[in-house]
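I have placed the structure first, in the form of structure tokens, so that the comments after it can refer back to it.
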Amino acid sequence: MSSQDIPEENLPAEQGGTHVPKPADEKNPFADPGLPPHEHRIQDIDERAAKRSERTVALLFTVSMLATIGFIASFVAIPHDKSIYVWPLGHINAMNLALGLTLGVALFTIGAGAVHWARTLMSDEEVADERHPIEASPEVRAKVHADFKQGAKESVIGRRKLIRNTMLGALTLVPLSGVVLLRDLGPLPGTKLRHTLWSKGKLLVNMNTNEPMRPSDIAVGSLTFAKPEGLEEHDHGFQNEIAKAALMIIRLEPEAIKDKRELEWSHEGIVAYSKICTHVGCPISLYEQQTHHALCPCHQSTFDLADGARVIFGPAGHALPQLRIGVNDEGYLEALSDFEEPVGPAFWERG
Amino acid sequence: MSTAANEAPRSRGKAPAGERVADWADGRLGIYSLAKANMRKIFPDHWSFMLGEICLYSFIIIILTGVYLTLFFHPSMNEVEYHGSYIPMQGQLMSEAYKSTLDISFDVRGGLLIRQIHHWAAIIFLAGMFVHMMRVFFTGAFRKPREINWLFGFLLFVLGMFTGFTGYSLPDDLLSGTGVRFTQGAILSVPIVGTYISMFLFGGEFPGTDFVARFYSIHILLLPGIMLGLVVGHLILVFYHKHTQFAGPGKTNKNVVGMPLLPVYMAKAGGFFFLVFGVIAAIAGIASVNPIWSIGPYRPDQVSTGAQPDWYMGFAEGLVRAMPGWEINFWGHTLVLGVFVPLVIFGLFLAIIALYPFIESWVTGDKREHHILDRPRNAPTRTAFGVAWVTAYMIMLIGGGNDIVATHFHLSINAVTWFVRIGFFVGPVIAFVITKRICLGLQRRDKEKVLHGRESGIIKRLPHGEFIEVHEPLSQEQLHTLTAHEQYKPVEIGPTVDENGVERKVKRTEKLRAKLSKSYYGEESQIPKPTVEEYKEITSGHGHH
Amino acid sequence: MKKLSARRRHPLAALVVLLLALACTGGLYAAFAPADKAQADETAQSLAIEEGKKLYAVGCASCHGTGGQGTTDGPSLVGVGAAAVDFQVGTGRMPAQQPGAQVPRKKVIYSQAEIDQLAAYVASLGAGPAVPSEEKYGPEGADTAKGGELFRTNCAQCHNFTGKGGALTHGKYAPTLEDVDPKHIYEAMQTGPQNMPSFPDTTLSEQNKKDIIAYLDAVNGDDTVDPGGLSLGGLGPVSEGLFGWIFGLGACIAVAVWVAARTAKAKKS
């Protein structure tokens, strides 16, 4: 919709009776009639209305000044941790609300004042400005081309090919130093993504209690998260290690386990799977104890933990890696090896 | 017309101070020649022409508040124990980045407000750019000479997305950390170099201790620096090209009708900055955004359901969620199509809209400048294409929030995902067909209006008892406005046999172009606009007035 | 058992059960209320079991079997313990109304006394977790911050950062934890209702549970302060994005319409 035809329709004078506006141009009724004549606003013809507008604008600017003072007063007077109840916002921080609203009002009224000023008191006569083609005239174009050719010729770059080629070579090579400098941003991958902190004999330590676990601690239908023994939250590198080693432990009735290898690697129905999704690495742990499905909260990959953690829905490409577990001499759950495959998202070298 | 050109005779006494300063500056900067061309620059009035201003102003607000935030934020991943004033986090281990964000929120007076203004402004900035881009697209404002500026705008949108993403990741909270983890997983999926890029970006294995500092310099320096340059370029081009306008009486391709920069637009545009700032400040005062204190510090083994990125990354998130888990293993390598394909589609999908102006100008073969905007209905194929694109985008946004959609509409998350998977392909097609039909319907209505006048709502009874509704002929202004658009003819391949009877080889691109042109401007894609002859025939048939 | 199930259908059975229940509720109230719980003697316990059995026969047996052994419509209740009954019936989930992906929380239809009787009966079928006493889930001695960490490790993946709930597979969902009685939260952790895994005391200690409940109360209680203002459902970027589009950009566009609109012209007269 173009906005230009609206005001005309609204004007009462044009709708009077059955009078039909005759096209000014009899030959071409669709021709451009040119800019419509300027019409006055109330403010243009009635000084009282203009005064009213002036007062409104001044009032808005005054409100802004008051709001700024309110802002400073709130900043100074309100304790920064004071909370208040405001319907319908709830229990909120008093200062944030006061500062936000006063600043908002202080700014908004400046804008509203300026716009009201422009709309009612500044001239609203529409002006037409000529456009000029963006393209240069043919003469200018020819001149520029000639100048360029002259310059190119004087540089002898066309004739002395050796200079040109070596220069291009140098300019191509020099950014390489920049690329090389980026080398120390990080180490080479090596086999880092293939190993975790788990190894034979490492106890499974409960994330909640920080204690090793016995099989009897783990009930059917329960969910427990574990980390390798010796990894403490305060340790340097904890984040990197837990990002790979985090474990989710569940217990199934051994007869409910459909996958043969899963059963072999479990202990009395207790199975330990990597908590890191094989899709892009979110910690997957939305375990449904009745269906034995684990859902990833990030992209909804769903794994069947009773069937080798194979993917049954979503974008993950392969099953969750399982950790072989057993029980040590003292009856605590322990790992029997590291994960046999890389945990977490797949990558080119994974194979 | 131009005040600067009105060289008033120098008064013998002292000129006013302002004038003297201006003279001084002109002698060194040549500001008068600049002002001559620009001080009374004309801008047309239309609300949709101010969408870009919303973006510009929120960008300025983001920079202002961002500078403030850098004064208090520590871009460090050193683990520290929290002992600030937020009780439920006492004694927790967290990175310094997270702790300083908590401090900004709880211990710096006004810090929370500035943080929220910064974040809300970012959300509105991106939303504004999206809507602004759609305005430019649907009105055809991207046509010559504005293609480059379209690209500038597009780049700003893409860079804005990544600036937003890196900023969102800085507090190192559990939600953004999950997003960073996703990014790392996505990088790993890139064939051959993925593992290396990941190691270099994160300074080793994920999460490492580097990424906050690195994202920080990208977020506050690299990307905003480029964006600032592009914004300036974008604005210079807007000034240089002069603004487009809708067709109307007195508005031609050779002029621009509106109000002068000084004083009207100085007041309106300047005032609008304060209005936008005021709106955002008030929103930041009443609505919380990204409450990182209730989200918790990042730990790679923790997660929350409903893990989403900010809305502008929701499209990419949707693609990743909807993709089936394809993975190919061969010769000791893994091709992670389940992640890599969405990554590629993401790029292609954005590239399509970026390159659209060039595709259209190739199809039309039109080399002229266009300063009069199209009404979307008068370019049905373009409009339908745009709506199809937006439909696919929106479906993927739904996909990005499929878990929230599922819980709030009591649906199965699997059903929502399947809807998105199918909808991504079917939705745009349906949207295309429907939009085109609506456009053609509107064109017919316009034609009807031109030829038979406006329905007046007056019912007249004729002598023989028939009731008719009186149609009121349109004024010439309206007739002109409704018929000002031009209609292309489909491109013909031309004779395939030249005058000597030798068969000319028709290039495949030429055939494609003819085909596309037909789908754009063929009989089924536009209603021929009323001609003067038609109009005269009908109006004279109505009897004398 | 057959006899009971036959008599259950007698026209007067409901009336009898109702009268008995009323009488016993009154009686039990008289017996328990003034006295300390610890003093409840064996006879009161067996009386409760007896009453619970009757309630069970009317309200539960059709799905869970006359002896709690379970049927195709409902799981076995042997060994689920009193805590499970208190949770399921106390949150109105049981008795279930209709089949579906998940049994939702509803209006509670039994009185607490009746729930206790049902719980006593089900507990008598096989040993299981007991209903926790108040000091187990009360705020004394709880570490809120530690609870937050535990919540993020064990609970947030399904219930969201502050317990607003989230989606599970095929229409199932983790419900919101807002306005849930701390006792019921404790019981849910202990017993693992429906598809929720259990977090028994052996892996999530009593202190851990207490901490988690304290944390939830701090971030999702009636007096929780949302410093920034409207919490927008606590759902994160999705609701923030919607709000930003509709109210943020919407307000800016509304203002733009005003800025660009023509000022009213004086009417021609």
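Each chain of the structure tokens is named A, B, ... in the order shown, its residues numbered from 1; ligands are numbered from 1 in display order.
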Need to verify the contact set: Asn38 in chain B, 10 Å, only C-alpha atoms, exclusion of same-chain residues closer than 4 positions in sequence. Can you return it as a ChimeraX atom specification?
/B:2,32-34,42,239-240,260-262
Give me, as a PyMOL selection string, the residues of range 105-313 of chain A that a backbone DSSP run labels alpha helix (DSSP H).
chain A and resi 105-120+138-154+161-181+238-245+260-265
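With CA of Pro75 in chain C on one side and CA of Pro104 in chain C on the other, the separation reads 16.5 Å.
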Quick one: everything within 9 Å of Gln207 in chain C, counting only C-alpha atoms, minus sequence neighbours fewer than 6 positions away in the same chain. Send it as a ChimeraX atom specification.
/C:136-137,141-143
Show me, as CSV, the residues of chain B having an atom within 6 Å of chain C, each with the closest atom pair and its distance in Å, using only C-alpha atoms.
```
residue,atom,partner,partner_atom,distance
B:Asp45,CA,C:Ala260,CA,5.3
B:His46,CA,C:Ala260,CA,5.3
B:Trp47,CA,C:Val257,CA,4.7
B:Pro88,CA,C:Ala145,CA,4.6
B:Met89,CA,C:Ala145,CA,4.8
B:Gln90,CA,C:Ala145,CA,5.6
B:Ile124,CA,C:Leu249,CA,5.7
B:Val276,CA,C:Cys252,CA,5.9
B:Ile286,CA,C:Gly229,CA,4.7
B:Ala287,CA,C:Leu230,CA,4.3
B:Ser288,CA,C:Gly228,CA,4.1
B:Ile295,CA,C:Phe161,CA,5.5
B:Gln302,CA,C:Thr153,CA,5.2
B:Val303,CA,C:Gln157,CA,5.2
B:Ser304,CA,C:Gln157,CA,4.1
B:Thr305,CA,C:Gln157,CA,4.8
B:Asp310,CA,C:Pro237,CA,5.0
B:Trp311,CA,C:Gly241,CA,5.2
B:Asp403,CA,C:Ala167,CA,5.4
B:Thr407,CA,C:Ala167,CA,5.5
B:Leu411,CA,C:Gly171,CA,5.5
B:Ser412,CA,C:Gly171,CA,3.6
B:Ile413,CA,C:His170,CA,5.9
B:Asn414,CA,C:His170,CA,5.7
```
Could those selected residues go to a file with N, CA and C atoms, as a compact mmCIF listing (two decimals), in the first residue's frame?
```txt
# COMPACT_ATOMS: atom_id res chain seq x y z
N ASP B 45 8.56 10.15 3.54
CA ASP B 45 7.94 9.69 4.78
C ASP B 45 7.25 8.36 4.56
N HIS B 46 7.65 7.35 5.24
CA HIS B 46 6.87 6.10 5.29
C HIS B 46 7.39 5.31 6.47
N TRP B 47 6.49 4.73 7.23
CA TRP B 47 6.97 4.07 8.45
C TRP B 47 7.96 2.98 8.15
N PRO B 88 22.16 -18.05 46.33
CA PRO B 88 22.17 -19.45 45.85
C PRO B 88 23.42 -19.83 45.06
N MET B 89 24.43 -18.97 45.02
CA MET B 89 25.62 -19.32 44.26
C MET B 89 26.87 -19.28 45.16
N GLN B 90 26.63 -19.07 46.47
CA GLN B 90 27.76 -18.92 47.40
C GLN B 90 28.71 -20.11 47.36
N ILE B 124 16.64 -6.98 19.48
CA ILE B 124 15.85 -6.10 18.63
C ILE B 124 16.64 -5.70 17.38
N VAL B 276 13.64 5.05 20.37
CA VAL B 276 14.05 3.64 20.39
C VAL B 276 14.81 3.33 21.68
N ILE B 286 11.78 -3.62 32.85
CA ILE B 286 10.65 -4.45 33.31
C ILE B 286 10.75 -5.92 32.93
N ALA B 287 11.59 -6.27 31.96
CA ALA B 287 11.63 -7.68 31.57
C ALA B 287 13.07 -8.18 31.64
N SER B 288 13.25 -9.32 32.26
CA SER B 288 14.62 -9.81 32.41
C SER B 288 15.01 -10.59 31.17
N ILE B 295 20.89 -19.65 35.78
CA ILE B 295 21.33 -20.68 34.84
C ILE B 295 22.52 -21.45 35.39
N GLN B 302 27.08 -30.80 32.71
CA GLN B 302 25.75 -30.41 33.14
C GLN B 302 25.00 -29.79 31.98
N VAL B 303 23.68 -29.82 32.08
CA VAL B 303 22.88 -29.27 30.99
C VAL B 303 21.49 -29.00 31.53
N SER B 304 20.76 -28.15 30.80
CA SER B 304 19.36 -27.96 31.15
C SER B 304 18.51 -28.24 29.93
N THR B 305 17.29 -28.70 30.16
CA THR B 305 16.39 -28.85 29.03
C THR B 305 16.04 -27.46 28.52
N ASP B 310 19.95 -17.69 21.17
CA ASP B 310 19.10 -16.54 20.94
C ASP B 310 18.40 -16.71 19.59
N TRP B 311 17.31 -15.95 19.39
CA TRP B 311 16.40 -16.28 18.28
C TRP B 311 17.09 -16.32 16.92
N ASP B 403 11.22 -28.31 21.48
CA ASP B 403 10.87 -28.83 22.82
C ASP B 403 9.91 -27.90 23.53
N THR B 407 6.07 -28.85 24.66
CA THR B 407 5.50 -28.80 26.01
C THR B 407 4.37 -27.80 26.09
N LEU B 411 2.21 -31.35 22.63
CA LEU B 411 2.44 -32.21 21.48
C LEU B 411 3.60 -33.13 21.78
N SER B 412 3.76 -34.12 20.92
CA SER B 412 4.93 -34.98 21.04
C SER B 412 6.09 -34.31 20.34
N ILE B 413 7.24 -34.34 20.99
CA ILE B 413 8.40 -33.68 20.41
C ILE B 413 8.80 -34.35 19.11
N ASN B 414 8.53 -35.65 19.03
CA ASN B 414 8.85 -36.37 17.79
C ASN B 414 7.94 -35.90 16.67
```
I'd like to know which of C:Lys265, C:His64, C:Lys54, C:Arg93 is closest to Val108 in chain C, using only C-alpha atoms.
C:Arg93
Could you produce a table of the residues of chain A lying within 6 Å of chain B, with the nearest pair of atoms per residue and their separation in Å rounded to one decimal, using only C-alpha atoms, ordered by chain and increasing residue number, as a tab-separated table?
```
residue	atom	partner	partner_atom	distance
A:Ser2	CA	B:Phe246	CA	5.9
A:Pro21	CA	B:Ser475	CA	5.8
A:Pro23	CA	B:Gln476	CA	5.3
A:Phe30	CA	B:His480	CA	4.6
A:Ala31	CA	B:His480	CA	5.9
A:Asp32	CA	B:Pro249	CA	5.6
A:Pro33	CA	B:Pro249	CA	5.8
A:Gly34	CA	B:Gly250	CA	3.8
A:Leu35	CA	B:Gly250	CA	4.1
A:Asn96	CA	B:Gly285	CA	5.6
A:Leu97	CA	B:Gly285	CA	4.5
A:Gly100	CA	B:Gly285	CA	3.8
A:Leu101	CA	B:Ala282	CA	4.9
A:Gly104	CA	B:Gly278	CA	3.9
A:Leu107	CA	B:Gly278	CA	4.7
A:Phe108	CA	B:Gly278	CA	4.4
A:Gly111	CA	B:Gly271	CA	3.7
A:Ala114	CA	B:Gly271	CA	5.2
A:Val115	CA	B:Lys268	CA	4.9
A:Ala118	CA	B:Val264	CA	5.4
A:Glu126	CA	B:Gly258	CA	4.9
A:Val127	CA	B:Gly258	CA	5.5
A:Ala128	CA	B:Val257	CA	4.2
A:Asp129	CA	B:Val256	CA	5.2
A:Glu130	CA	B:Asn255	CA	4.3
A:Arg131	CA	B:Asn255	CA	4.9
A:Leu185	CA	B:Phe200	CA	4.8
A:Gly186	CA	B:Gly203	CA	3.9
A:Pro187	CA	B:Gly204	CA	5.6
A:Asn240	CA	B:Pro207	CA	5.9
A:Ala243	CA	B:Pro300	CA	4.9
A:Val280	CA	B:Gly185	CA	4.1
A:Pro283	CA	B:Asp301	CA	5.4
A:Pro297	CA	B:Thr305	CA	4.8
A:Cys298	CA	B:Ala307	CA	5.6
A:His299	CA	B:Arg321	CA	4.7
A:Gly314	CA	B:Pro324	CA	5.8
A:Pro315	CA	B:Gly325	CA	3.7
A:Ala316	CA	B:Gly325	CA	4.6
A:Gly317	CA	B:Gly325	CA	4.4
A:Pro345	CA	B:Gly185	CA	5.6
A:Phe347	CA	B:Leu188	CA	5.0
A:Trp348	CA	B:Thr334	CA	4.8
A:Glu349	CA	B:His333	CA	5.0
A:Arg350	CA	B:Thr334	CA	5.7
A:Gly351	CA	B:His333	CA	4.0
```
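For the pair CA of Phe303 in chain A and CA of Thr209 in chain A, the interatomic distance is 27.0 Å.
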Write out as a short mmCIF file (atom, residue, chain, number, x, y, z; two decimals) with C-alpha atoms, in the first residue's frame which residues come within 9 Å of Ser266 in chain A when counting only C-alpha atoms, dropping same-chain ones fewer than 2 positions away.
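selection.cif written:
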```
data_model
loop_
_atom_site.label_atom_id
_atom_site.label_comp_id
_atom_site.auth_asym_id
_atom_site.auth_seq_id
_atom_site.Cartn_x
_atom_site.Cartn_y
_atom_site.Cartn_z
CA PRO A 254 19.72 -58.18 33.10
CA ARG A 261 27.84 -56.69 24.23
CA GLU A 262 26.01 -54.31 26.52
CA LEU A 263 25.21 -57.22 28.81
CA GLU A 264 28.82 -58.40 28.73
CA GLU A 268 24.67 -57.31 37.35
CA GLY A 269 22.60 -55.17 35.04
CA ILE A 270 24.47 -52.00 35.90
CA VAL A 271 25.56 -50.25 32.72
CA ALA A 272 27.77 -47.23 32.34
CA GLN A 322 29.76 -47.83 26.78
CA LEU A 323 32.34 -48.21 29.52
CA ARG A 324 33.21 -51.73 30.62
CA ILE A 325 32.73 -52.00 34.32
CA GLY A 326 33.21 -54.58 37.02
#
```
